[in-house]
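Just upload-v5.cif here, mmCIF, C-alpha atoms:
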data_protein
#
loop_
_atom_site.label_atom_id
_atom_site.label_comp_id
_atom_site.auth_asym_id
_atom_site.auth_seq_id
_atom_site.Cartn_x
_atom_site.Cartn_y
_atom_site.Cartn_z
CA MET A 1274 0.00 0.00 0.00
CA THR A 1275 1.29 3.46 -0.92
CA ASN A 1276 0.84 6.15 1.73
CA THR A 1277 0.46 9.66 0.35
CA LEU A 1278 0.19 13.09 2.00
CA ILE A 1279 -1.29 16.04 0.13
CA THR A 1280 -1.16 19.44 1.82
CA GLY A 1281 -3.99 21.90 1.26
CA ALA A 1282 -6.22 19.10 0.01
CA ASN A 1283 -9.69 19.88 1.32
CA LYS A 1284 -10.58 21.66 -1.96
CA GLY A 1285 -9.38 22.51 -5.45
CA LEU A 1286 -6.44 20.75 -7.05
CA GLY A 1287 -5.44 19.08 -3.80
CA PHE A 1288 -8.85 17.52 -3.34
CA GLU A 1289 -9.07 16.31 -6.93
CA THR A 1290 -5.58 14.84 -6.68
CA ALA A 1291 -6.57 13.10 -3.44
CA ARG A 1292 -9.70 11.68 -5.07
CA ARG A 1293 -7.74 10.32 -8.02
CA LEU A 1294 -5.03 8.76 -5.86
CA VAL A 1295 -7.56 7.11 -3.55
CA ALA A 1296 -9.10 5.63 -6.69
CA ALA A 1297 -5.62 4.43 -7.70
CA GLY A 1298 -5.30 2.51 -4.45
CA HIS A 1299 -3.28 4.93 -2.33
CA THR A 1300 -3.90 5.50 1.35
CA VAL A 1301 -4.24 9.27 1.17
CA TYR A 1302 -3.71 11.62 4.09
CA LEU A 1303 -5.75 14.66 3.17
CA GLY A 1304 -3.98 17.64 4.71
CA SER A 1305 -6.15 20.52 5.87
CA ARG A 1306 -5.81 23.47 8.25
CA ASP A 1307 -9.53 23.37 9.03
CA ALA A 1308 -10.73 20.30 10.89
CA GLU A 1309 -14.37 20.39 9.81
CA ARG A 1310 -13.74 21.14 6.15
CA GLY A 1311 -11.01 18.54 6.10
CA ARG A 1312 -13.22 15.94 7.75
CA ARG A 1313 -16.01 16.46 5.21
CA ALA A 1314 -13.60 16.31 2.28
CA ALA A 1315 -11.86 13.18 3.55
CA GLU A 1316 -15.15 11.38 4.16
CA ARG A 1317 -16.32 12.15 0.62
CA ILE A 1318 -13.47 10.21 -0.98
CA GLY A 1319 -12.34 7.72 1.64
CA ALA A 1320 -9.16 9.57 2.63
CA ARG A 1321 -7.70 10.08 6.10
CA LEU A 1322 -7.75 13.59 7.53
CA VAL A 1323 -4.53 15.00 8.94
CA LEU A 1324 -4.50 18.51 10.34
CA ILE A 1325 -1.53 20.46 9.01
CA ASP A 1326 -0.72 24.15 8.69
CA VAL A 1327 2.41 24.44 6.58
CA THR A 1328 3.32 27.76 8.23
CA ASP A 1329 3.42 26.27 11.73
CA ASP A 1330 6.28 24.07 12.97
CA ALA A 1331 4.26 22.37 15.71
CA SER A 1332 1.43 21.55 13.32
CA VAL A 1333 3.79 20.02 10.76
CA GLU A 1334 5.64 18.02 13.39
CA ALA A 1335 2.36 16.68 14.80
CA ALA A 1336 1.24 15.65 11.30
CA ALA A 1337 4.55 13.84 10.74
CA LYS A 1338 4.09 11.92 13.99
CA THR A 1339 0.52 10.97 13.03
CA ILE A 1340 1.61 9.66 9.64
CA GLU A 1341 4.62 7.86 11.10
CA ASP A 1342 2.30 6.10 13.54
CA GLY A 1343 0.00 5.25 10.63
CA GLY A 1344 2.69 3.34 8.76
CA GLY A 1345 4.98 5.93 7.20
CA LEU A 1346 4.99 7.90 3.96
CA ASP A 1347 5.83 7.11 0.34
CA VAL A 1348 4.54 10.16 -1.57
CA LEU A 1349 4.54 13.80 -0.47
CA ILE A 1350 2.63 16.35 -2.53
CA ASN A 1351 3.40 19.93 -1.47
CA ASN A 1352 0.20 21.45 -2.79
CA ALA A 1353 -0.68 24.13 -0.21
CA GLY A 1354 -0.10 27.62 -1.60
CA ILE A 1355 -1.49 31.13 -1.97
CA GLU A 1356 -1.32 33.77 -4.68
CA GLY A 1357 -2.11 36.87 -2.66
CA ARG A 1358 -4.91 38.64 -4.51
CA THR A 1359 -5.76 42.22 -3.53
CA PRO A 1360 -9.34 43.09 -2.45
CA ASP A 1361 -10.17 44.14 -6.02
CA GLY A 1362 -9.01 40.79 -7.40
CA GLY A 1363 -5.67 42.00 -8.72
CA VAL A 1364 -2.06 41.37 -7.73
CA LEU A 1365 0.66 43.75 -6.62
CA GLY A 1366 3.14 44.66 -9.34
CA ALA A 1367 6.73 45.78 -9.07
CA GLY A 1368 5.71 49.33 -8.18
CA GLY A 1369 3.48 48.31 -5.30
CA GLU A 1370 5.11 45.21 -3.87
CA THR A 1371 6.90 45.56 -0.53
CA ALA A 1372 8.79 43.20 1.72
CA ASP A 1373 5.81 43.08 4.06
CA SER A 1374 3.31 42.31 1.31
CA MET A 1375 5.49 39.45 0.04
CA ARG A 1376 6.12 37.89 3.43
CA THR A 1377 2.93 35.84 3.79
CA ILE A 1378 3.22 34.40 0.28
CA LEU A 1379 6.84 33.41 0.77
CA GLU A 1380 6.08 31.95 4.20
CA THR A 1381 3.40 29.68 2.75
CA ASN A 1382 4.74 28.80 -0.68
CA VAL A 1383 8.48 28.63 -0.02
CA LEU A 1384 9.13 28.14 3.68
CA GLY A 1385 6.06 25.93 3.95
CA THR A 1386 7.43 23.64 1.27
CA VAL A 1387 10.78 23.43 3.04
CA ARG A 1388 9.17 22.98 6.46
CA VAL A 1389 6.98 20.09 5.34
CA THR A 1390 9.64 18.41 3.22
CA HIS A 1391 12.20 18.58 6.00
CA ALA A 1392 9.77 17.13 8.54
CA PHE A 1393 8.85 14.18 6.32
CA LEU A 1394 12.29 13.35 4.92
CA PRO A 1395 12.97 10.71 7.60
CA LEU A 1396 9.75 8.91 6.65
CA LEU A 1397 10.40 9.21 2.92
CA GLU A 1398 13.90 7.81 3.34
CA ARG A 1399 12.39 4.64 4.79
CA SER A 1400 10.15 4.16 1.74
CA ALA A 1401 11.10 1.74 -1.02
CA ALA A 1402 9.99 4.23 -3.69
CA PRO A 1403 9.78 7.77 -2.27
CA VAL A 1404 8.26 10.54 -4.37
CA VAL A 1405 7.91 14.29 -3.80
CA VAL A 1406 5.76 16.50 -6.02
CA ASN A 1407 6.06 20.26 -5.55
CA LEU A 1408 3.34 22.49 -6.94
CA SER A 1409 4.99 25.14 -9.05
CA SER A 1410 3.54 27.36 -11.78
CA GLY A 1411 4.19 28.34 -15.35
CA LEU A 1412 4.84 31.79 -13.89
CA ALA A 1413 7.98 30.36 -12.26
CA SER A 1414 9.69 30.03 -15.65
CA LEU A 1415 12.21 32.86 -16.04
CA GLU A 1416 12.36 32.16 -19.76
CA ARG A 1417 8.60 32.49 -20.19
CA MET A 1418 8.31 35.56 -18.00
CA ALA A 1419 11.17 37.34 -19.79
CA THR A 1420 9.97 36.57 -23.33
CA PRO A 1421 7.84 39.34 -24.88
CA GLY A 1422 4.63 37.94 -26.31
CA ASN A 1423 4.56 34.88 -24.08
CA PRO A 1424 1.23 34.84 -22.20
CA ALA A 1425 3.05 34.42 -18.89
CA ALA A 1426 4.99 37.64 -19.47
CA ALA A 1427 1.78 39.66 -19.16
CA TYR A 1428 1.37 38.69 -15.49
CA PRO A 1429 2.31 41.78 -13.44
CA GLY A 1430 2.71 40.26 -9.97
CA VAL A 1431 6.03 39.82 -8.22
CA ALA A 1432 5.45 37.72 -5.10
CA TYR A 1433 3.73 34.65 -6.52
CA PRO A 1434 6.11 34.06 -9.46
CA ALA A 1435 9.10 34.67 -7.18
CA SER A 1436 7.79 32.15 -4.67
CA LYS A 1437 7.26 29.49 -7.30
CA ALA A 1438 10.67 30.13 -8.88
CA ALA A 1439 12.07 29.45 -5.41
CA VAL A 1440 10.05 26.22 -5.30
CA ASN A 1441 11.72 25.19 -8.55
CA MET A 1442 15.16 25.77 -7.05
CA ILE A 1443 14.19 23.85 -3.92
CA THR A 1444 13.11 20.98 -6.17
CA VAL A 1445 16.41 20.89 -8.04
CA GLN A 1446 18.54 21.04 -4.90
CA TYR A 1447 16.57 18.39 -3.01
CA ALA A 1448 16.62 16.11 -6.04
CA LYS A 1449 20.41 16.32 -6.18
CA ALA A 1450 20.74 15.76 -2.44
CA PHE A 1451 18.42 12.73 -2.41
CA PRO A 1452 19.03 10.80 -5.65
CA GLY A 1453 17.05 7.82 -4.39
CA MET A 1454 13.88 9.90 -4.40
CA ARG A 1455 11.87 11.14 -7.38
CA ILE A 1456 11.43 14.87 -6.69
CA ASN A 1457 9.79 17.07 -9.31
CA ALA A 1458 8.00 20.39 -9.73
CA VAL A 1459 4.77 20.56 -11.70
CA GLU A 1460 2.75 23.28 -13.40
CA PRO A 1461 -0.94 22.32 -13.32
CA GLY A 1462 -1.96 25.10 -15.70
CA TYR A 1463 -4.32 28.03 -15.26
CA THR A 1464 -6.96 26.18 -13.27
CA ALA A 1465 -10.15 27.68 -11.85
CA THR A 1466 -9.62 27.46 -8.07
CA ASP A 1467 -10.01 29.69 -5.04
CA LEU A 1468 -6.31 30.57 -5.34
CA ASN A 1469 -7.00 32.74 -8.40
CA ALA A 1470 -10.59 33.69 -7.51
CA ARG A 1471 -11.75 31.05 -10.03
CA THR A 1472 -10.47 33.04 -13.01
CA GLY A 1473 -8.64 30.01 -14.42
CA THR A 1474 -9.54 28.61 -17.81
CA GLN A 1475 -9.31 24.87 -17.11
CA THR A 1476 -10.99 22.49 -14.69
CA VAL A 1477 -9.46 20.92 -11.59
CA GLU A 1478 -9.73 17.57 -13.37
CA GLU A 1479 -7.47 18.90 -16.12
CA GLY A 1480 -5.13 20.63 -13.70
CA ALA A 1481 -4.67 17.60 -11.47
CA GLU A 1482 -3.54 15.37 -14.34
CA ILE A 1483 0.16 16.25 -14.16
CA ILE A 1484 0.16 16.15 -10.34
CA VAL A 1485 -1.27 12.63 -10.34
CA ARG A 1486 1.07 11.52 -13.11
CA MET A 1487 4.15 12.63 -11.22
CA ALA A 1488 2.84 11.21 -7.94
CA LEU A 1489 2.67 7.80 -9.64
CA VAL A 1490 6.16 7.94 -11.14
CA GLY A 1491 8.32 4.88 -10.49
CA PRO A 1492 11.91 4.60 -9.25
CA ASP A 1493 13.17 4.83 -12.84
CA GLY A 1494 11.19 8.00 -13.54
CA PRO A 1495 12.48 11.56 -13.86
CA THR A 1496 13.74 13.62 -10.94
CA GLY A 1497 14.78 17.24 -10.56
CA GLY A 1498 12.46 18.26 -13.39
CA TYR A 1499 9.79 20.89 -14.06
CA PHE A 1500 6.78 19.61 -15.99
CA ASP A 1501 3.32 20.41 -17.22
CA ALA A 1502 0.89 18.02 -18.89
CA GLU A 1503 2.73 18.38 -22.21
CA GLY A 1504 6.21 17.64 -20.87
CA PRO A 1505 9.30 19.45 -19.55
CA LEU A 1506 9.15 23.23 -19.16
CA PRO A 1507 11.95 25.80 -19.61
CA TRP A 1508 13.40 27.07 -16.35
#
What is this file in structure tokens?
Amino acid sequence: MTNTLITGANKGLGFETARRLVAAGHTVYLGSRDAERGRRAAERIGARLVLIDVTDDASVEAAAKTIEDGGGLDVLINNAGIEGRTPDGGVLGAGGETADSMRTILETNVLGTVRVTHAFLPLLERSAAPVVVNLSSGLASLERMATPGNPAAAYPGVAYPASKAAVNMITVQYAKAFPGMRINAVEPGYTATDLNARTGTQTVEEGAEIIVRMALVGPDGPTGGYFDAEGPLPW
């Protein structure tokens, strides 16, 4: 049996990924900050609720202990993340972004990924086929963002792309440090979720496809890569 943790999984891409992996035979720990929402989501698909706030050390450590007691971990999906929309639905550009306005996004998307990964490394190292999937974004691609005419280049925000570019670097460095694990970053595409106020142009079913695919990768699969549903992406 494959044990899988998905952070931020009580809705959106995390929930759809959890549903698909339960159907594939995984024992899925559905990570949620909210106990009631998490309980309802887990019951809907036959997953196990684990309370986890990726910005809180004690919460992450408690979740690691729960999952260790439940038999360990084989697959970690770092899905929890925020974009940081302003009250009018926009994002702060280079002229308006400040260190303070970036802090919450970096704490969740970057430090949260490191915090969770670090806490679960001992469990993953005991697995016969450990896998880590980090949720990135097409906006993390420096090549895309710097290329005039590329749709990504029109995005004005600073904090979210910077946070996901950091996730890509985290992915590369962890993959080099742990060659026995399959550690990859994925771009689910512009998916209609609460993260972007449901402005995305594809469904969660479409967006979850690459997450599920990389969660199911075998020991001979890629590692240290950055992928969307069509294949490798430019850094």
Spatial neighbours of stretch 1299-1316 of chain A, max dist 10 Å, only C-alpha atoms, sep filter under 5 positions, as a PDB file with C-alpha atoms, in the frame of the given file:
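File written: around-v5.pdb
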ATOM      1  CA  MET A1274       0.000   0.000   0.000  1.00  0.00           C
ATOM      2  CA  THR A1275       1.290   3.460  -0.920  1.00  0.00           C
ATOM      3  CA  ASN A1276       0.840   6.150   1.730  1.00  0.00           C
ATOM      4  CA  THR A1277       0.460   9.660   0.350  1.00  0.00           C
ATOM      5  CA  LEU A1278       0.190  13.090   2.000  1.00  0.00           C
ATOM      6  CA  ILE A1279      -1.290  16.040   0.130  1.00  0.00           C
ATOM      7  CA  THR A1280      -1.160  19.440   1.820  1.00  0.00           C
ATOM      8  CA  GLY A1281      -3.990  21.900   1.260  1.00  0.00           C
ATOM      9  CA  ALA A1282      -6.220  19.100   0.010  1.00  0.00           C
ATOM     10  CA  ASN A1283      -9.690  19.880   1.320  1.00  0.00           C
ATOM     11  CA  LYS A1284     -10.580  21.660  -1.960  1.00  0.00           C
ATOM     12  CA  GLY A1287      -5.440  19.080  -3.800  1.00  0.00           C
ATOM     13  CA  PHE A1288      -8.850  17.520  -3.340  1.00  0.00           C
ATOM     14  CA  THR A1290      -5.580  14.840  -6.680  1.00  0.00           C
ATOM     15  CA  ALA A1291      -6.570  13.100  -3.440  1.00  0.00           C
ATOM     16  CA  ARG A1292      -9.700  11.680  -5.070  1.00  0.00           C
ATOM     17  CA  ARG A1293      -7.740  10.320  -8.020  1.00  0.00           C
ATOM     18  CA  LEU A1294      -5.030   8.760  -5.860  1.00  0.00           C
ATOM     19  CA  ARG A1321      -7.700  10.080   6.100  1.00  0.00           C
ATOM     20  CA  LEU A1322      -7.750  13.590   7.530  1.00  0.00           C
ATOM     21  CA  VAL A1323      -4.530  15.000   8.940  1.00  0.00           C
ATOM     22  CA  LEU A1324      -4.500  18.510  10.340  1.00  0.00           C
ATOM     23  CA  ILE A1325      -1.530  20.460   9.010  1.00  0.00           C
ATOM     24  CA  ASP A1326      -0.720  24.150   8.690  1.00  0.00           C
ATOM     25  CA  VAL A1327       2.410  24.440   6.580  1.00  0.00           C
ATOM     26  CA  SER A1332       1.430  21.550  13.320  1.00  0.00           C
ATOM     27  CA  ALA A1336       1.240  15.650  11.300  1.00  0.00           C
ATOM     28  CA  THR A1339       0.520  10.970  13.030  1.00  0.00           C
ATOM     29  CA  ILE A1340       1.610   9.660   9.640  1.00  0.00           C
ATOM     30  CA  GLY A1343       0.000   5.250  10.630  1.00  0.00           C
ATOM     31  CA  LEU A1346       4.990   7.900   3.960  1.00  0.00           C
ATOM     32  CA  ASP A1347       5.830   7.110   0.340  1.00  0.00           C
ATOM     33  CA  VAL A1348       4.540  10.160  -1.570  1.00  0.00           C
ATOM     34  CA  LEU A1349       4.540  13.800  -0.470  1.00  0.00           C
ATOM     35  CA  ILE A1350       2.630  16.350  -2.530  1.00  0.00           C
ATOM     36  CA  ASN A1351       3.400  19.930  -1.470  1.00  0.00           C
ATOM     37  CA  ASN A1352       0.200  21.450  -2.790  1.00  0.00           C
ATOM     38  CA  ALA A1353      -0.680  24.130  -0.210  1.00  0.00           C
ATOM     39  CA  LEU A1489       2.670   7.800  -9.640  1.00  0.00           C
TER      40      LEU A1489
END
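Of note, atom CA of A:Leu1286 and atom CA of A:Glu1482 are spaced 9.5 Å apart.
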On this structure, which residues satisfy the PyMOL selection byres ((chain A and resi 1432-1444) around 7), written as number ranges by chain?
-> A: 1356, 1375, 1378-1379, 1382-1383, 1409-1410, 1412-1414, 1430-1431, 1445-1448, 1456-1458, 1497
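Close contacts of A:Phe1500, defined as residues with an atom at most 9 Å away when counting only C-alpha atoms, with chain neighbours fewer than 6 positions off set aside, comprise Asn1457, Ala1458, Val1459, Glu1460, Pro1461, Ile1483, Met1487, Leu1506 and Pro1507 of chain A.
When all atoms listed in the file are used to compute distances to A:Ile1484, the closest of the residues A:Leu1408, A:Asp1329, A:Arg1399, A:Pro1421 turns out to be A:Leu1408.
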Since fewer atoms than expected are present, regenerate all heavy atoms for stretch 1301-1312 of chain A and write them as a CSV table (one decimal), in the coordinates of the input.
chain,number,residue,atom,x,y,z
A,1301,VAL,N,-4.5,7.8,1.3
A,1301,VAL,CA,-4.2,9.3,1.2
A,1301,VAL,C,-4.5,10.0,2.5
A,1301,VAL,O,-5.6,9.9,3.0
A,1301,VAL,CB,-5.1,9.9,0.0
A,1301,VAL,CG1,-4.9,11.4,0.1
A,1301,VAL,CG2,-4.7,9.3,-1.3
A,1302,TYR,N,-3.5,10.7,3.0
A,1302,TYR,CA,-3.7,11.6,4.1
A,1302,TYR,C,-4.0,13.0,3.5
A,1302,TYR,O,-3.2,13.6,2.8
A,1302,TYR,CB,-2.4,11.7,4.9
A,1302,TYR,CG,-2.2,10.4,5.7
A,1302,TYR,CD1,-1.4,9.4,5.2
A,1302,TYR,CD2,-2.7,10.3,7.0
A,1302,TYR,CE1,-1.2,8.2,5.9
A,1302,TYR,CE2,-2.5,9.1,7.7
A,1302,TYR,CZ,-1.7,8.1,7.2
A,1302,TYR,OH,-1.5,7.0,7.9
A,1303,LEU,N,-5.3,13.4,3.7
A,1303,LEU,CA,-5.8,14.7,3.2
A,1303,LEU,C,-5.4,15.8,4.2
A,1303,LEU,O,-6.0,15.8,5.2
A,1303,LEU,CB,-7.3,14.6,2.9
A,1303,LEU,CG,-8.0,15.7,2.3
A,1303,LEU,CD1,-9.2,15.2,1.4
A,1303,LEU,CD2,-8.4,16.8,3.3
A,1304,GLY,N,-4.4,16.6,3.8
A,1304,GLY,CA,-4.0,17.6,4.7
A,1304,GLY,C,-4.9,18.9,4.6
A,1304,GLY,O,-5.2,19.3,3.6
A,1305,SER,N,-5.3,19.4,5.8
A,1305,SER,CA,-6.2,20.5,5.9
A,1305,SER,C,-5.9,21.3,7.1
A,1305,SER,O,-5.6,20.7,8.2
A,1305,SER,CB,-7.6,20.1,5.9
A,1305,SER,OG,-8.5,21.2,6.1
A,1306,ARG,N,-5.9,22.6,7.1
A,1306,ARG,CA,-5.8,23.5,8.2
A,1306,ARG,C,-7.1,23.5,9.1
A,1306,ARG,O,-7.1,23.7,10.3
A,1306,ARG,CB,-5.5,24.9,7.9
A,1306,ARG,CG,-4.1,25.1,7.3
A,1306,ARG,CD,-3.9,26.6,7.0
A,1306,ARG,NE,-4.9,27.1,6.0
A,1306,ARG,CZ,-5.0,28.4,5.8
A,1306,ARG,NH1,-4.3,29.3,6.4
A,1306,ARG,NH2,-5.9,28.8,4.9
A,1307,ASP,N,-8.2,23.3,8.4
A,1307,ASP,CA,-9.5,23.4,9.0
A,1307,ASP,C,-10.1,22.0,9.3
A,1307,ASP,O,-10.3,21.2,8.3
A,1307,ASP,CB,-10.5,24.2,8.1
A,1307,ASP,CG,-11.8,24.4,8.8
A,1307,ASP,OD1,-12.7,23.4,8.8
A,1307,ASP,OD2,-12.1,25.5,9.2
A,1308,ALA,N,-10.3,21.7,10.5
A,1308,ALA,CA,-10.7,20.3,10.9
A,1308,ALA,C,-12.1,19.9,10.3
A,1308,ALA,O,-12.2,18.8,9.7
A,1308,ALA,CB,-10.8,20.2,12.4
A,1309,GLU,N,-13.1,20.8,10.3
A,1309,GLU,CA,-14.4,20.4,9.8
A,1309,GLU,C,-14.4,20.3,8.3
A,1309,GLU,O,-14.9,19.3,7.7
A,1309,GLU,CB,-15.4,21.4,10.3
A,1309,GLU,CG,-16.8,21.1,9.8
A,1309,GLU,CD,-17.3,19.7,10.3
A,1309,GLU,OE1,-16.8,19.2,11.4
A,1309,GLU,OE2,-18.2,19.1,9.6
A,1310,ARG,N,-13.8,21.2,7.6
A,1310,ARG,CA,-13.7,21.1,6.2
A,1310,ARG,C,-12.9,19.9,5.7
A,1310,ARG,O,-13.3,19.2,4.8
A,1310,ARG,CB,-13.1,22.4,5.6
A,1310,ARG,CG,-14.0,23.6,5.7
A,1310,ARG,CD,-13.3,24.9,5.1
A,1310,ARG,NE,-14.1,26.1,5.3
A,1310,ARG,CZ,-13.7,27.3,5.0
A,1310,ARG,NH1,-12.5,27.5,4.5
A,1310,ARG,NH2,-14.5,28.3,5.2
A,1311,GLY,N,-11.8,19.7,6.4
A,1311,GLY,CA,-11.0,18.5,6.1
A,1311,GLY,C,-11.7,17.2,6.3
A,1311,GLY,O,-11.6,16.3,5.5
A,1312,ARG,N,-12.5,17.2,7.4
A,1312,ARG,CA,-13.2,15.9,7.8
A,1312,ARG,C,-14.2,15.6,6.7
A,1312,ARG,O,-14.3,14.5,6.2
A,1312,ARG,CB,-13.9,16.1,9.1
A,1312,ARG,CG,-14.7,14.8,9.5
A,1312,ARG,CD,-15.6,15.1,10.7
A,1312,ARG,NE,-16.6,16.1,10.5
A,1312,ARG,CZ,-17.7,15.9,9.8
A,1312,ARG,NH1,-17.9,14.6,9.3
A,1312,ARG,NH2,-18.6,16.8,9.6
